[in-house]
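Structure record follows, encoded as structure tokens.
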Amino acid sequence: MLRMSNLSKVYRTHMIETHALRGFEIQVNAGEFVTVTGPSGSGKTSFLNIAGLLEEFTDGEYILDGVNVKGLDDNARSRLRNEKLGFIFQGFNLIPDLNLFDNVDVPLRYRGFNARERKERIEDALAKVGLASRMKHYPAELSGGQQQRVAIARALAGSPKLLLADEPTGNLDTQMARGVMDLLEQINAAGTTILMVTHDPELAVRTQRNVHIIDGQVSDLVRRAPSLADSPVPAAVPA
Amino acid sequence: MFGYYFKLGVRSLRRNPVLTTLMVLTLAIGVAASVSTLTILHMMSGDPIPQKSTRLFAPVLDNRPAENYDPGHERPDDQLTYIDVVNLLKSGQGVRRTGMYGIAAVIEPPDKQIEPFWTEGMAPTRDFFAMFDVPFVYGGPWSEADDARGADVVVLSREMAEKLFGDANPIGRQVRLLDAPFTVIGVIGAWSPQPRYYQLQSGRKFGVNEDLFIPLASAIRHKSSHNGGMSCSARSDPGFEGILRSECTWLQFWFETASSADRADLQAWLDNYAADQRRLGRMKRNAPNELYDVPEWLVHMKVVGKDNKLSAWLAFGFLALCLVNTIGLLLAKFSVRASEVGIRRALGASRTDIFRQFLTESAVIGLAGGVLGLLLAFGALALLSLQSSAMAAVARMDLAMLAFTFALSVLAALVAGLLPTWRACQVTPALQLKSQ
């Protein structure tokens with residue numbers, strides 16, 4: 001599903017050069033639920049941004065679902081992002097003046113689905129997260145947990161192959177966080193690959209694999225037997 | 001996707017009402033100022049008879065004495081002598097010809113309840129009506145025989161006919177003017193070419209047209225004085241007869257040709273005519289004999305003054321100022337949307353998509369500005385119309401200007417939106433998403 005080989009990311013200012021990722025190697029197979037942990041400044045966010053095609057990398061190779069993304073122009077990267085990826089953010093990132101229906105509609109518009117198909121997908125996605133009855137509500141009218149569910153519905157509506165989650169429970173209380181995590185596990189069980197950055201060790205142990213990043217490199221890999229997802233065993237990942 | 005972007009644009013108008021109102025108002029004021037001045041310029045410089053404007057020709061002959069002639073530096077008078085008008089009428093040149101002069105006469109209404117009153121009219125020959133496509137609601141023009149014998153017949157404007165006879169068909173009724181009974185033989189309908197190209201020499205370039213028309217020969221027979229300017233380059237004999245025989249210029253003349261290609265033949269004939277007159281002791285200057293079609297005539301008679309053009313330039317300068325303000329306001333409006341741009345980019349929008357969306361939003365602001373600008377422009381034109389009847393004649397918005405208002409407003413908003421939109425496209429999605 002995702003493979004990065006000898007990937008590096010360097011941020012340059014006129015004075016300083018910062019190596020966010022160096023010799024970064026990772027492979028995530030279809031159907032896996034992988035958590036990414038690491039201390040602040042270790043490169044987790046850079047990795048997730050590059051994986052989500054939101055940032056370009058400096059060197060190396062990145063294959064996303066069989067597509068080498070290096071050298072792709074903005075239109076091709078955007079299309080790839082729209083078709084293959086779904087995002088869930090810590091801050092939910094819903095558009096405040098769009099109701100739930102229209103928020104979930106956003107990625108589908110860029111996909112070019114017709115009105116009927118969009119409607120079906122939106123209703124289906126909101127039903128999956130238990131918010132079908134609140135389609136006409138605005139984000140501000142929902143709790144944090146509900147907003148994150150909408151974000152999940154929006155990420156799912158386009159049937160992405162890979163779901164990228166950046167601290168999806170970071171802004172939620174324990175009960176809501178547990179609910180969101182349960183939902184992600186169900187999504188994974190249904191076949192969607194999930195890559196989740198988290199600081200929460202409790203969440204990390206619930207997934208099949210935990211990739212620990214320190215100083216821009218994968219430093220440790222903890223494997224567990226498949227639990228919720230009936231997915232193939234992940235391939236070995238160089239540390 | 002355009003429909004989606006348009007919907008977002010309309011929704012965006014409500015997002016920040018104060019900023020939106022300021023932008024729409026700024027744009028509307030700029031557009032209204034430009035459109036109202038441009039409307040006047042457009043009406044002033046429009047072709048008043050497009051279907052035949054290149055087939056109608058006004059001749060200008062220089063009949064002044066040869067003494068002190070400075071070729072190229074002196075303009076001949078734009079009117080003709082009675083002698084030349086009579087000769088040109090007899091020439092048979094073109095498919096139609098008309099000679100005319102403005103008259104002012106006291107009308108004595110048949111209804112004695114109505115006091116006699118002064119009115120302005122015109123004394124042309126019969127072809128005037130057909131040449132200038134004058135429509136009739138009752139009756140029609142007088143005959144060639146009426147022209148020949150100077151019959152006392154009159155064609156009234158609709159307003160004058162209603163004033164004198166009410167709603168009844170007045171054909172065959174009589175009205176007294178020039179101390180004689182004139183029989184009404186026609187009533188013209190809506191006819192108000194702007195500019196009044198057919199008689200610009202009167203100095204009245206715009207405004208309402210004449211209320212009555214009598215045959216040229218009839219006006220001459222009744223020795224009706226002319227209502228307009230007269231230029232005399234030599235002493236004339238006393239009395240009306242003296243003026244008719246003089247070199248004083250006070251009449252207007254128009255030819256109509258079958259096609260604009262006949263102009264060269266008409267010019268050749270006019271040159272021959274002037275040469276013949278020179279042999280008879282007139283037109284000693286041997287100055288160029290000029291023919292002007294309608295568009296040339298409007299330029300020659302300076303229908304659109306420099307001040308009108310300057311006003312338009314100033315108005316567009318003001319619009320540019322408004323645009324600069326709108327750019328600033330759009331920058332403020334779009335800059336607070338960086339997080340939305342980040343989200344949309346993450347969800348699959350390319351920079352091109354963002355560019356289209358934000359530019360469409362600018363266009364929606366332009367449309368709103370166009371609607372308000374149109375209302376303001378109508379108000380401005382209504383105020384200008386109060387100045388004079390001439391201004392009222394040109395301070396009217398036609399369909400073309402209406403469409404132009406919207407086009408200008410949308411275009412202005414698109415231009416103003418380019419920089420803010422480009423800036424919006426440069427948003428780094430990763431930064432925005434993390435900072436949420």
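Scheme for the structure tokens: letters A, B, ... for chains in order shown; per-chain residue numbers from 1; ligand numbers from 1 in order shown.
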
For the contact check between chain B and chain A, emit one row per residue of chain B within 12 Å, containing the shortest atom pair and the distance in Å rounded to one decimal, counting only C-alpha atoms, chain then rising number order, as JSON lines.
{"residue": "B:Met1", "atom": "CA", "partner": "A:Arg109", "partner_atom": "CA", "distance": 7.5}
{"residue": "B:Phe2", "atom": "CA", "partner": "A:Arg109", "partner_atom": "CA", "distance": 10.9}
{"residue": "B:Gly3", "atom": "CA", "partner": "A:Arg109", "partner_atom": "CA", "distance": 11.0}
{"residue": "B:Tyr4", "atom": "CA", "partner": "A:Arg109", "partner_atom": "CA", "distance": 8.2}
{"residue": "B:Tyr5", "atom": "CA", "partner": "A:Arg109", "partner_atom": "CA", "distance": 10.3}
{"residue": "B:Lys7", "atom": "CA", "partner": "A:Asp102", "partner_atom": "CA", "distance": 11.4}
{"residue": "B:Leu8", "atom": "CA", "partner": "A:Leu98", "partner_atom": "CA", "distance": 9.4}
{"residue": "B:Arg11", "atom": "CA", "partner": "A:Asp97", "partner_atom": "CA", "distance": 8.5}
{"residue": "B:Ser12", "atom": "CA", "partner": "A:Asp97", "partner_atom": "CA", "distance": 8.8}
{"residue": "B:Leu13", "atom": "CA", "partner": "A:Asp97", "partner_atom": "CA", "distance": 11.6}
{"residue": "B:Arg14", "atom": "CA", "partner": "A:Asp97", "partner_atom": "CA", "distance": 9.7}
{"residue": "B:Arg15", "atom": "CA", "partner": "A:Asp97", "partner_atom": "CA", "distance": 7.7}
{"residue": "B:Asn16", "atom": "CA", "partner": "A:Asp97", "partner_atom": "CA", "distance": 11.1}
{"residue": "B:Arg337", "atom": "CA", "partner": "A:Ile95", "partner_atom": "CA", "distance": 9.8}
{"residue": "B:Ala338", "atom": "CA", "partner": "A:Ile95", "partner_atom": "CA", "distance": 11.2}
{"residue": "B:Ser339", "atom": "CA", "partner": "A:Asn93", "partner_atom": "CA", "distance": 8.0}
{"residue": "B:Glu340", "atom": "CA", "partner": "A:Ile95", "partner_atom": "CA", "distance": 6.3}
{"residue": "B:Val341", "atom": "CA", "partner": "A:Ile95", "partner_atom": "CA", "distance": 9.7}
{"residue": "B:Gly342", "atom": "CA", "partner": "A:Asn93", "partner_atom": "CA", "distance": 9.0}
{"residue": "B:Ile343", "atom": "CA", "partner": "A:Asn93", "partner_atom": "CA", "distance": 6.5}
{"residue": "B:Arg344", "atom": "CA", "partner": "A:Val106", "partner_atom": "CA", "distance": 7.2}
{"residue": "B:Arg345", "atom": "CA", "partner": "A:Ser78", "partner_atom": "CA", "distance": 7.2}
{"residue": "B:Ala346", "atom": "CA", "partner": "A:Leu54", "partner_atom": "CA", "distance": 6.7}
{"residue": "B:Leu347", "atom": "CA", "partner": "A:Pro107", "partner_atom": "CA", "distance": 5.1}
{"residue": "B:Gly348", "atom": "CA", "partner": "A:Asn82", "partner_atom": "CA", "distance": 4.1}
{"residue": "B:Ala349", "atom": "CA", "partner": "A:Ser78", "partner_atom": "CA", "distance": 5.9}
{"residue": "B:Ser350", "atom": "CA", "partner": "A:Ser78", "partner_atom": "CA", "distance": 5.2}
{"residue": "B:Arg351", "atom": "CA", "partner": "A:Asp74", "partner_atom": "CA", "distance": 7.1}
{"residue": "B:Thr352", "atom": "CA", "partner": "A:Asn75", "partner_atom": "CA", "distance": 7.7}
{"residue": "B:Asp353", "atom": "CA", "partner": "A:Tyr110", "partner_atom": "CA", "distance": 8.2}
{"residue": "B:Ile354", "atom": "CA", "partner": "A:Tyr110", "partner_atom": "CA", "distance": 10.7}
{"residue": "B:Gln357", "atom": "CA", "partner": "A:Tyr110", "partner_atom": "CA", "distance": 11.6}
{"residue": "B:Cys425", "atom": "CA", "partner": "A:Asp74", "partner_atom": "CA", "distance": 11.4}
{"residue": "B:Gln426", "atom": "CA", "partner": "A:Asp74", "partner_atom": "CA", "distance": 11.8}
{"residue": "B:Val427", "atom": "CA", "partner": "A:Leu54", "partner_atom": "CA", "distance": 11.1}
{"residue": "B:Thr428", "atom": "CA", "partner": "A:Leu54", "partner_atom": "CA", "distance": 8.0}
{"residue": "B:Pro429", "atom": "CA", "partner": "A:Leu54", "partner_atom": "CA", "distance": 6.4}
{"residue": "B:Ala430", "atom": "CA", "partner": "A:Leu54", "partner_atom": "CA", "distance": 5.8}
{"residue": "B:Leu431", "atom": "CA", "partner": "A:Leu54", "partner_atom": "CA", "distance": 9.4}
{"residue": "B:Gln432", "atom": "CA", "partner": "A:Asn93", "partner_atom": "CA", "distance": 9.5}
{"residue": "B:Leu433", "atom": "CA", "partner": "A:Asn93", "partner_atom": "CA", "distance": 6.9}
{"residue": "B:Lys434", "atom": "CA", "partner": "A:Gly91", "partner_atom": "CA", "distance": 7.7}
{"residue": "B:Ser435", "atom": "CA", "partner": "A:Gly91", "partner_atom": "CA", "distance": 8.3}
{"residue": "B:Gln436", "atom": "CA", "partner": "A:Gly91", "partner_atom": "CA", "distance": 5.6}

Resulting file, chosen residues, C-alpha atoms, as a short mmCIF file (atom, residue, chain, number, x, y, z; two decimals), in the first residue's frame:
data_model
loop_
_atom_site.label_atom_id
_atom_site.label_comp_id
_atom_site.auth_asym_id
_atom_site.auth_seq_id
_atom_site.Cartn_x
_atom_site.Cartn_y
_atom_site.Cartn_z
CA MET B 1 -17.86 22.32 -10.78
CA PHE B 2 -18.71 25.90 -11.73
CA GLY B 3 -22.17 25.53 -10.19
CA TYR B 4 -20.55 24.28 -6.97
CA TYR B 5 -18.09 27.17 -6.91
CA LYS B 7 -22.93 28.20 -4.74
CA LEU B 8 -19.90 28.54 -2.46
CA ARG B 11 -22.63 31.40 0.56
CA SER B 12 -19.35 33.25 1.04
CA LEU B 13 -21.18 36.58 0.67
CA ARG B 14 -22.88 35.85 3.99
CA ARG B 15 -19.68 34.74 5.70
CA ASN B 16 -18.45 38.18 6.68
CA ARG B 337 -9.85 31.29 4.73
CA ALA B 338 -6.35 29.77 4.71
CA SER B 339 -7.51 26.89 6.91
CA GLU B 340 -10.35 26.10 4.49
CA VAL B 341 -7.87 26.10 1.64
CA GLY B 342 -5.69 23.68 3.62
CA ILE B 343 -8.65 21.36 4.25
CA ARG B 344 -9.77 21.44 0.64
CA ARG B 345 -6.24 20.78 -0.58
CA ALA B 346 -5.96 17.80 1.78
CA LEU B 347 -9.25 16.46 0.48
CA GLY B 348 -8.11 16.53 -3.11
CA ALA B 349 -8.41 20.07 -4.43
CA SER B 350 -5.58 21.07 -6.70
CA ARG B 351 -4.27 24.62 -6.80
CA THR B 352 -6.27 25.03 -10.01
CA ASP B 353 -9.45 24.02 -8.15
CA ILE B 354 -8.74 26.56 -5.41
CA GLN B 357 -13.24 28.52 -6.57
CA CYS B 425 -3.44 29.12 -3.82
CA GLN B 426 -0.04 29.46 -2.20
CA VAL B 427 -1.33 28.25 1.17
CA THR B 428 0.73 25.31 2.50
CA PRO B 429 -1.96 22.81 3.50
CA ALA B 430 0.19 20.93 6.01
CA LEU B 431 0.82 24.10 8.02
CA GLN B 432 -2.84 25.10 8.06
CA LEU B 433 -4.07 21.65 9.03
CA LYS B 434 -1.70 21.40 11.96
CA SER B 435 -2.47 24.90 13.17
CA GLN B 436 -6.21 24.24 13.33
#

Worksheet item: If we count only C-alpha atoms, what is near Val86 in chain B at a cut-off of 12 Å, once residues fewer than 2 positions away on the same chain are taken out, given as an MDAnalysis selection string?
Response: chainID B and resid 80:84 88:92 97:100 124:125 147:148 216:217 220 244:245 251:253

Worksheet entry | Selection: 6 Å around Val34 in chain A, only C-alpha atoms, excl. self and same-chain fewer than 6 positions, as a PyMOL selection string | chain A and resi 195+209-210

Fill in: DSSP strand (DSSP E or B) selection over range 106-234 of chain B, as a ChimeraX atom specification
/B:106-108,117-123,136-139,153-157,174-177,180-188,212-213,226,231

Can you spit out the residues from that selection as a PDB file, in the first residue's frame, using C-alpha atoms?
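Below you can see out_38.pdb, which holds the result:
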ATOM      1  CA  VAL B 106     -46.987  80.719 -33.410  1.00  0.00           C
ATOM      2  CA  ILE B 107     -49.669  78.057 -33.585  1.00  0.00           C
ATOM      3  CA  GLU B 108     -53.273  79.033 -33.212  1.00  0.00           C
ATOM      4  CA  PHE B 117     -48.252  79.396 -28.456  1.00  0.00           C
ATOM      5  CA  TRP B 118     -44.761  79.340 -29.955  1.00  0.00           C
ATOM      6  CA  THR B 119     -43.316  76.147 -31.183  1.00  0.00           C
ATOM      7  CA  GLU B 120     -40.254  74.999 -33.082  1.00  0.00           C
ATOM      8  CA  GLY B 121     -40.495  73.218 -36.366  1.00  0.00           C
ATOM      9  CA  MET B 122     -38.713  72.345 -39.517  1.00  0.00           C
ATOM     10  CA  ALA B 123     -39.219  73.205 -43.157  1.00  0.00           C
ATOM     11  CA  PHE B 136     -46.079  57.916 -39.283  1.00  0.00           C
ATOM     12  CA  VAL B 137     -48.986  56.996 -37.038  1.00  0.00           C
ATOM     13  CA  TYR B 138     -51.526  58.889 -39.168  1.00  0.00           C
ATOM     14  CA  GLY B 139     -51.336  60.002 -42.780  1.00  0.00           C
ATOM     15  CA  VAL B 153     -49.785  71.337 -45.290  1.00  0.00           C
ATOM     16  CA  VAL B 154     -48.290  70.278 -42.002  1.00  0.00           C
ATOM     17  CA  VAL B 155     -46.967  67.106 -40.409  1.00  0.00           C
ATOM     18  CA  LEU B 156     -47.235  67.153 -36.620  1.00  0.00           C
ATOM     19  CA  SER B 157     -45.427  65.296 -33.922  1.00  0.00           C
ATOM     20  CA  GLN B 174     -56.666  72.625 -39.990  1.00  0.00           C
ATOM     21  CA  VAL B 175     -54.391  74.618 -37.756  1.00  0.00           C
ATOM     22  CA  ARG B 176     -53.290  78.218 -38.181  1.00  0.00           C
ATOM     23  CA  LEU B 177     -49.632  79.096 -38.299  1.00  0.00           C
ATOM     24  CA  ALA B 180     -52.390  80.905 -42.727  1.00  0.00           C
ATOM     25  CA  PRO B 181     -54.508  77.781 -42.355  1.00  0.00           C
ATOM     26  CA  PHE B 182     -52.415  74.598 -42.729  1.00  0.00           C
ATOM     27  CA  THR B 183     -54.018  71.219 -43.321  1.00  0.00           C
ATOM     28  CA  VAL B 184     -52.713  68.348 -41.207  1.00  0.00           C
ATOM     29  CA  ILE B 185     -51.634  65.532 -43.526  1.00  0.00           C
ATOM     30  CA  GLY B 186     -49.543  63.404 -41.198  1.00  0.00           C
ATOM     31  CA  VAL B 187     -48.677  62.644 -37.620  1.00  0.00           C
ATOM     32  CA  ILE B 188     -45.315  61.081 -36.880  1.00  0.00           C
ATOM     33  CA  LEU B 212     -44.154  70.355 -36.800  1.00  0.00           C
ATOM     34  CA  PHE B 213     -42.913  70.083 -40.361  1.00  0.00           C
ATOM     35  CA  HIS B 226     -35.178  80.795 -39.852  1.00  0.00           C
ATOM     36  CA  SER B 231     -23.375  83.205 -41.687  1.00  0.00           C
TER      37      SER B 231
END

Worksheet item: If you run DSSP on the backbone, which residues of range 5-127 of chain A are helix (DSSP H, G or I), as an MDAnalysis selection string?
Response: chainID A and resid 44:51 74:84 100:111 115:127

Emit the selected residues as a tab-separated table (two decimals), in the first residue's frame, including N, CA and C atoms.
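What landed in part-v6.tsv:
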chain	number	residue	atom	x	y	z
A	44	LYS	N	7.37	12.66	13.00
A	44	LYS	CA	6.10	11.97	12.76
A	44	LYS	C	5.21	12.76	11.79
A	45	THR	N	5.08	14.05	12.07
A	45	THR	CA	4.19	14.88	11.24
A	45	THR	C	4.73	15.03	9.82
A	46	SER	N	6.06	15.19	9.73
A	46	SER	CA	6.65	15.28	8.38
A	46	SER	C	6.36	14.01	7.60
A	47	PHE	N	6.52	12.88	8.28
A	47	PHE	CA	6.25	11.60	7.62
A	47	PHE	C	4.79	11.53	7.16
A	48	LEU	N	3.88	11.93	8.06
A	48	LEU	CA	2.46	11.84	7.71
A	48	LEU	C	2.11	12.81	6.57
A	49	ASN	N	2.69	14.01	6.60
A	49	ASN	CA	2.43	14.99	5.53
A	49	ASN	C	2.94	14.50	4.19
A	50	ILE	N	4.12	13.85	4.23
A	50	ILE	CA	4.68	13.31	2.97
A	50	ILE	C	3.83	12.13	2.51
A	51	ALA	N	3.45	11.28	3.48
A	51	ALA	CA	2.61	10.13	3.12
A	51	ALA	C	1.30	10.61	2.52
A	74	ASP	N	1.19	19.06	-9.32
A	74	ASP	CA	0.18	19.32	-8.29
A	74	ASP	C	-1.16	18.67	-8.61
A	75	ASN	N	-1.54	18.70	-9.88
A	75	ASN	CA	-2.83	18.11	-10.26
A	75	ASN	C	-2.85	16.61	-10.02
A	76	ALA	N	-1.74	15.95	-10.40
A	76	ALA	CA	-1.68	14.49	-10.25
A	76	ALA	C	-1.64	14.11	-8.78
A	77	ARG	N	-0.88	14.88	-7.99
A	77	ARG	CA	-0.80	14.60	-6.54
A	77	ARG	C	-2.17	14.81	-5.89
A	78	SER	N	-2.86	15.86	-6.32
A	78	SER	CA	-4.18	16.15	-5.75
A	78	SER	C	-5.17	15.04	-6.09
A	79	ARG	N	-5.09	14.57	-7.34
A	79	ARG	CA	-5.99	13.50	-7.77
A	79	ARG	C	-5.73	12.22	-6.96
A	80	LEU	N	-4.43	11.94	-6.79
A	80	LEU	CA	-4.03	10.75	-6.03
A	80	LEU	C	-4.50	10.85	-4.57
A	81	ARG	N	-4.33	12.04	-4.03
A	81	ARG	CA	-4.75	12.30	-2.64
A	81	ARG	C	-6.26	12.08	-2.51
A	82	ASN	N	-6.97	12.58	-3.50
A	82	ASN	CA	-8.44	12.50	-3.46
A	82	ASN	C	-8.94	11.07	-3.62
A	83	GLU	N	-8.27	10.31	-4.48
A	83	GLU	CA	-8.77	8.97	-4.81
A	83	GLU	C	-8.31	7.91	-3.81
A	84	LYS	N	-7.09	8.06	-3.29
A	84	LYS	CA	-6.53	6.96	-2.52
A	84	LYS	C	-6.45	7.23	-1.02
A	100	LEU	N	-23.10	19.26	7.80
A	100	LEU	CA	-22.40	17.97	7.77
A	100	LEU	C	-22.43	17.37	6.36
A	101	PHE	N	-23.61	17.46	5.74
A	101	PHE	CA	-23.75	16.90	4.39
A	101	PHE	C	-22.72	17.53	3.45
A	102	ASP	N	-22.65	18.86	3.49
A	102	ASP	CA	-21.75	19.57	2.57
A	102	ASP	C	-20.28	19.34	2.93
A	103	ASN	N	-20.00	19.17	4.22
A	103	ASN	CA	-18.62	18.87	4.61
A	103	ASN	C	-18.17	17.54	4.04
A	104	VAL	N	-19.04	16.55	4.15
A	104	VAL	CA	-18.67	15.22	3.64
A	104	VAL	C	-18.63	15.24	2.10
A	105	ASP	N	-19.37	16.17	1.55
A	105	ASP	CA	-19.47	16.29	0.09
A	105	ASP	C	-18.15	16.79	-0.55
A	106	VAL	N	-17.34	17.52	0.25
A	106	VAL	CA	-16.18	18.21	-0.33
A	106	VAL	C	-15.27	17.29	-1.16
A	107	PRO	N	-14.75	16.19	-0.60
A	107	PRO	CA	-13.84	15.36	-1.42
A	107	PRO	C	-14.54	14.72	-2.61
A	108	LEU	N	-15.85	14.46	-2.45
A	108	LEU	CA	-16.59	13.81	-3.54
A	108	LEU	C	-16.76	14.75	-4.73
A	109	ARG	N	-16.87	16.05	-4.45
A	109	ARG	CA	-16.97	17.05	-5.52
A	109	ARG	C	-15.72	16.99	-6.39
A	110	TYR	N	-14.55	16.91	-5.71
A	110	TYR	CA	-13.31	16.92	-6.49
A	110	TYR	C	-13.12	15.60	-7.24
A	111	ARG	N	-13.82	14.57	-6.80
A	111	ARG	CA	-13.71	13.27	-7.48
A	111	ARG	C	-14.55	13.28	-8.76
A	115	ALA	N	-24.48	13.79	-8.77
A	115	ALA	CA	-25.22	14.19	-7.56
A	115	ALA	C	-25.81	12.98	-6.83
A	116	ARG	N	-26.32	12.04	-7.59
A	116	ARG	CA	-26.97	10.88	-6.97
A	116	ARG	C	-25.94	10.03	-6.21
A	117	GLU	N	-24.81	9.80	-6.86
A	117	GLU	CA	-23.79	8.98	-6.20
A	117	GLU	C	-23.21	9.68	-4.98
A	118	ARG	N	-23.06	11.01	-5.10
A	118	ARG	CA	-22.54	11.75	-3.94
A	118	ARG	C	-23.50	11.63	-2.77
A	119	LYS	N	-24.78	11.79	-3.07
A	119	LYS	CA	-25.79	11.74	-2.00
A	119	LYS	C	-25.77	10.37	-1.31
A	120	GLU	N	-25.71	9.34	-2.12
A	120	GLU	CA	-25.68	7.97	-1.56
A	120	GLU	C	-24.47	7.78	-0.66
A	121	ARG	N	-23.32	8.23	-1.15
A	121	ARG	CA	-22.07	8.04	-0.39
A	121	ARG	C	-22.09	8.85	0.91
A	122	ILE	N	-22.60	10.08	0.81
A	122	ILE	CA	-22.63	10.94	2.01
A	122	ILE	C	-23.55	10.32	3.06
A	123	GLU	N	-24.72	9.90	2.63
A	123	GLU	CA	-25.70	9.32	3.58
A	123	GLU	C	-25.13	8.03	4.19
A	124	ASP	N	-24.48	7.26	3.36
A	124	ASP	CA	-23.91	6.01	3.81
A	124	ASP	C	-22.79	6.26	4.84
A	125	ALA	N	-21.92	7.25	4.50
A	125	ALA	CA	-20.78	7.53	5.38
A	125	ALA	C	-21.26	8.09	6.72
A	126	LEU	N	-22.24	8.99	6.67
A	126	LEU	CA	-22.74	9.56	7.92
A	126	LEU	C	-23.50	8.52	8.75
A	127	ALA	N	-24.15	7.59	8.04
A	127	ALA	CA	-24.85	6.52	8.76
A	127	ALA	C	-23.83	5.63	9.48

Worksheet entry | range 196-198 of chain A surroundings by only C-alpha atoms, 6 Å radius, close-in-sequence under 6 positions cut, as number ranges by chain | A: 35-37, 164-167

For the selection just defined, write its residues with C-alpha atoms to a file, as an mmCIF file, in the first residue's frame.
data_model
loop_
_atom_site.group_PDB
_atom_site.id
_atom_site.type_symbol
_atom_site.label_atom_id
_atom_site.label_comp_id
_atom_site.auth_asym_id
_atom_site.auth_seq_id
_atom_site.Cartn_x
_atom_site.Cartn_y
_atom_site.Cartn_z
ATOM 1 C CA THR A 35 0.421 3.488 14.684
ATOM 2 C CA VAL A 36 3.317 5.883 14.461
ATOM 3 C CA THR A 37 4.744 7.128 17.715
ATOM 4 C CA LEU A 164 -4.116 8.840 7.560
ATOM 5 C CA ALA A 165 -4.949 9.911 11.089
ATOM 6 C CA ASP A 166 -2.972 12.557 12.934
ATOM 7 C CA GLU A 167 -3.683 12.336 16.665
#

Item to complete: Can you pull out every residue within 10 Å of Gly144 in chain A, counting only C-alpha atoms, but drop anything in the same chain fewer than 5 positions away, and send it as a PyMOL selection string?
Response: chain A and resi 91-92+139+149-150+169+171-173+176-177

Just-selected residues, N, CA and C atoms written as a PDB file, in the first residue's frame:
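Contents of out.pdb, freshly written:
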ATOM      1  N   GLY A  91      -7.530  18.305  14.982  1.00  0.00           N
ATOM      2  CA  GLY A  91      -8.462  19.437  15.143  1.00  0.00           C
ATOM      3  C   GLY A  91      -9.710  19.296  14.288  1.00  0.00           C
ATOM      4  N   PHE A  92     -10.027  18.125  13.856  1.00  0.00           N
ATOM      5  CA  PHE A  92     -11.218  17.782  13.056  1.00  0.00           C
ATOM      6  C   PHE A  92     -11.181  18.387  11.653  1.00  0.00           C
ATOM      7  N   PRO A 139     -21.085  22.071  12.115  1.00  0.00           N
ATOM      8  CA  PRO A 139     -20.095  21.506  13.039  1.00  0.00           C
ATOM      9  C   PRO A 139     -20.194  22.094  14.445  1.00  0.00           C
ATOM     10  N   ARG A 149     -16.268  12.273  14.295  1.00  0.00           N
ATOM     11  CA  ARG A 149     -16.980  11.251  13.533  1.00  0.00           C
ATOM     12  C   ARG A 149     -17.330  11.764  12.132  1.00  0.00           C
ATOM     13  N   VAL A 150     -17.698  13.051  12.075  1.00  0.00           N
ATOM     14  CA  VAL A 150     -17.990  13.639  10.758  1.00  0.00           C
ATOM     15  C   VAL A 150     -16.725  13.620   9.893  1.00  0.00           C
ATOM     16  N   THR A 169      -7.521  11.399  18.369  1.00  0.00           N
ATOM     17  CA  THR A 169      -8.228  11.471  19.657  1.00  0.00           C
ATOM     18  C   THR A 169      -7.604  12.517  20.565  1.00  0.00           C
ATOM     19  N   ASN A 171      -7.842  15.659  20.863  1.00  0.00           N
ATOM     20  CA  ASN A 171      -8.674  16.733  21.404  1.00  0.00           C
ATOM     21  C   ASN A 171      -9.929  16.195  22.088  1.00  0.00           C
ATOM     22  N   LEU A 172      -9.949  14.893  22.358  1.00  0.00           N
ATOM     23  CA  LEU A 172     -11.178  14.294  22.900  1.00  0.00           C
ATOM     24  C   LEU A 172     -10.945  13.757  24.307  1.00  0.00           C
ATOM     25  N   ASP A 173     -12.034  13.712  25.079  1.00  0.00           N
ATOM     26  CA  ASP A 173     -11.884  13.112  26.398  1.00  0.00           C
ATOM     27  C   ASP A 173     -11.803  11.584  26.232  1.00  0.00           C
ATOM     28  N   MET A 176     -14.850   9.709  24.629  1.00  0.00           N
ATOM     29  CA  MET A 176     -15.007  10.007  23.197  1.00  0.00           C
ATOM     30  C   MET A 176     -13.867   9.388  22.404  1.00  0.00           C
ATOM     31  N   ALA A 177     -12.652   9.466  22.967  1.00  0.00           N
ATOM     32  CA  ALA A 177     -11.478   8.908  22.292  1.00  0.00           C
ATOM     33  C   ALA A 177     -11.667   7.415  22.068  1.00  0.00           C
TER      34      ALA A 177
END

Item to complete: Excluding Pro39 in chain A and residues on its chain fewer than 3 positions from it, collect all residues at most 9 Å away from it, counting only C-alpha atoms, and give them as a list in words.
Response: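 So, after excluding close chain neighbours, the residues are Ser42, Gly43, Lys44, His199, His212, Ile213, Ile214 and Asp215 of chain A.
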